[in-house]
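*Asks:* Got a structure here, written out as structure tokens. Questions coming.
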Amino acid sequence: MNFYLPGGPMALNNNSIYTEEELGTLDKVKRTRIQLIDSMTADGVPDAVGQIRVLNEVLASTEKMIVDTANIRVKHDEASNSGAAVEVVVELLKQSRANQQQFIGAGTVPTLPAALASVDAVPGETEINPEPLTPEDFVAPTYDPSQVD
């Protein structure tokens with residue numbers, strides 16, 4: 001049974017988090033583990049309990065190394081993609097702002113279409129920046145019979 005780890009020597013090189021020396025060491029450890037697994041399983045799975053235990057530990061550590069490498073790559077790609085997504089959103093917002101100014105114009109107030117201009121509106125409904133209302137504006141005046149016509 002021969003093991004093969006994808007990517008070959010220096011498979012972690014696409015990750016800028018490791019130095020060249022660390023990459024070399026990781027690659028050597030990976031190759032040594034694979035050679036050990038190949039050697040121990042050359043005649044099939046070992047029968048001795050001690051060899052089975054050692055083989056199991058080497059297999060587990062190799063599997064963990066593969067999973068850890070994949071997780072690092074995913075996090076690296078996620079960070080790269082997140083930065084790219086932010087750049088795209090910023091560019092879209094800039095374009096959106098430019099388009100708004102193109103159609104509305106800076107500092108101008110949009111007008112209602114003619115079909116809506118003839119609608120009877122409540123006084124102040126279409127005002128821009130109307131005078132603020134106070135609570136007294138919503139309370140009916142007290143009834144004074146002497147002021148009735």
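Going through the structure tokens in order, the chains are called A, B, and so on, while each chain numbers its residues from 1 and the ligands are numbered from 1 in the order shown.
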Do a neighbour search on Thr41 of chain A at 12 Å with only C-alpha atoms, toss out local chain neighbours closer than 3 positions, and write the hits as a PyMOL selection string.

*Replies:* chain A and resi 1-3+34-38+44-47+51-52+54-56+58-59

*Asks:* Write the residues you've just listed into a file as a PDB file, in the first residue's frame, and include C-alpha atoms for each of them.

*Replies:*
ATOM      1  CA  MET A   1       0.000   0.000   0.000  1.00  0.00           C
ATOM      2  CA  ASN A   2       1.629   3.249  -1.149  1.00  0.00           C
ATOM      3  CA  PHE A   3       0.541   6.610   0.216  1.00  0.00           C
ATOM      4  CA  ILE A  34       4.948   8.368   3.939  1.00  0.00           C
ATOM      5  CA  GLN A  35       8.137   6.264   3.722  1.00  0.00           C
ATOM      6  CA  LEU A  36       7.456   4.861   7.195  1.00  0.00           C
ATOM      7  CA  ILE A  37       3.882   3.976   6.259  1.00  0.00           C
ATOM      8  CA  ASP A  38       5.024   2.378   2.976  1.00  0.00           C
ATOM      9  CA  GLY A  44       0.365  -5.915   4.292  1.00  0.00           C
ATOM     10  CA  VAL A  45      -0.945  -4.636   7.592  1.00  0.00           C
ATOM     11  CA  PRO A  46       1.375  -5.633  10.472  1.00  0.00           C
ATOM     12  CA  ASP A  47       0.247  -8.280  12.961  1.00  0.00           C
ATOM     13  CA  GLN A  51       3.704  -2.168  15.096  1.00  0.00           C
ATOM     14  CA  ILE A  52      -0.044  -1.657  14.718  1.00  0.00           C
ATOM     15  CA  VAL A  54       2.982   2.824  15.793  1.00  0.00           C
ATOM     16  CA  LEU A  55       1.368   2.579  12.332  1.00  0.00           C
ATOM     17  CA  ASN A  56      -1.902   3.910  13.725  1.00  0.00           C
ATOM     18  CA  VAL A  58       1.756   7.669  12.097  1.00  0.00           C
ATOM     19  CA  LEU A  59      -1.461   7.405  10.073  1.00  0.00           C
TER      20      LEU A  59
END

*Asks:* Just give me the gap between atom CA of Thr69 of chain A and atom CA of Asp27 of chain A in Å, one decimal is fine.

*Replies:*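 The value is 11.8 Å.
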
*Asks:* Could you please determine the separation between atom CA of Lys30 of chain A and atom CA of Met65 of chain A in Å, to one decimal place?

*Replies:*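 Atom CA of Met65 of chain A lies at a distance of 8.3 Å from atom CA of Lys30 of chain A.
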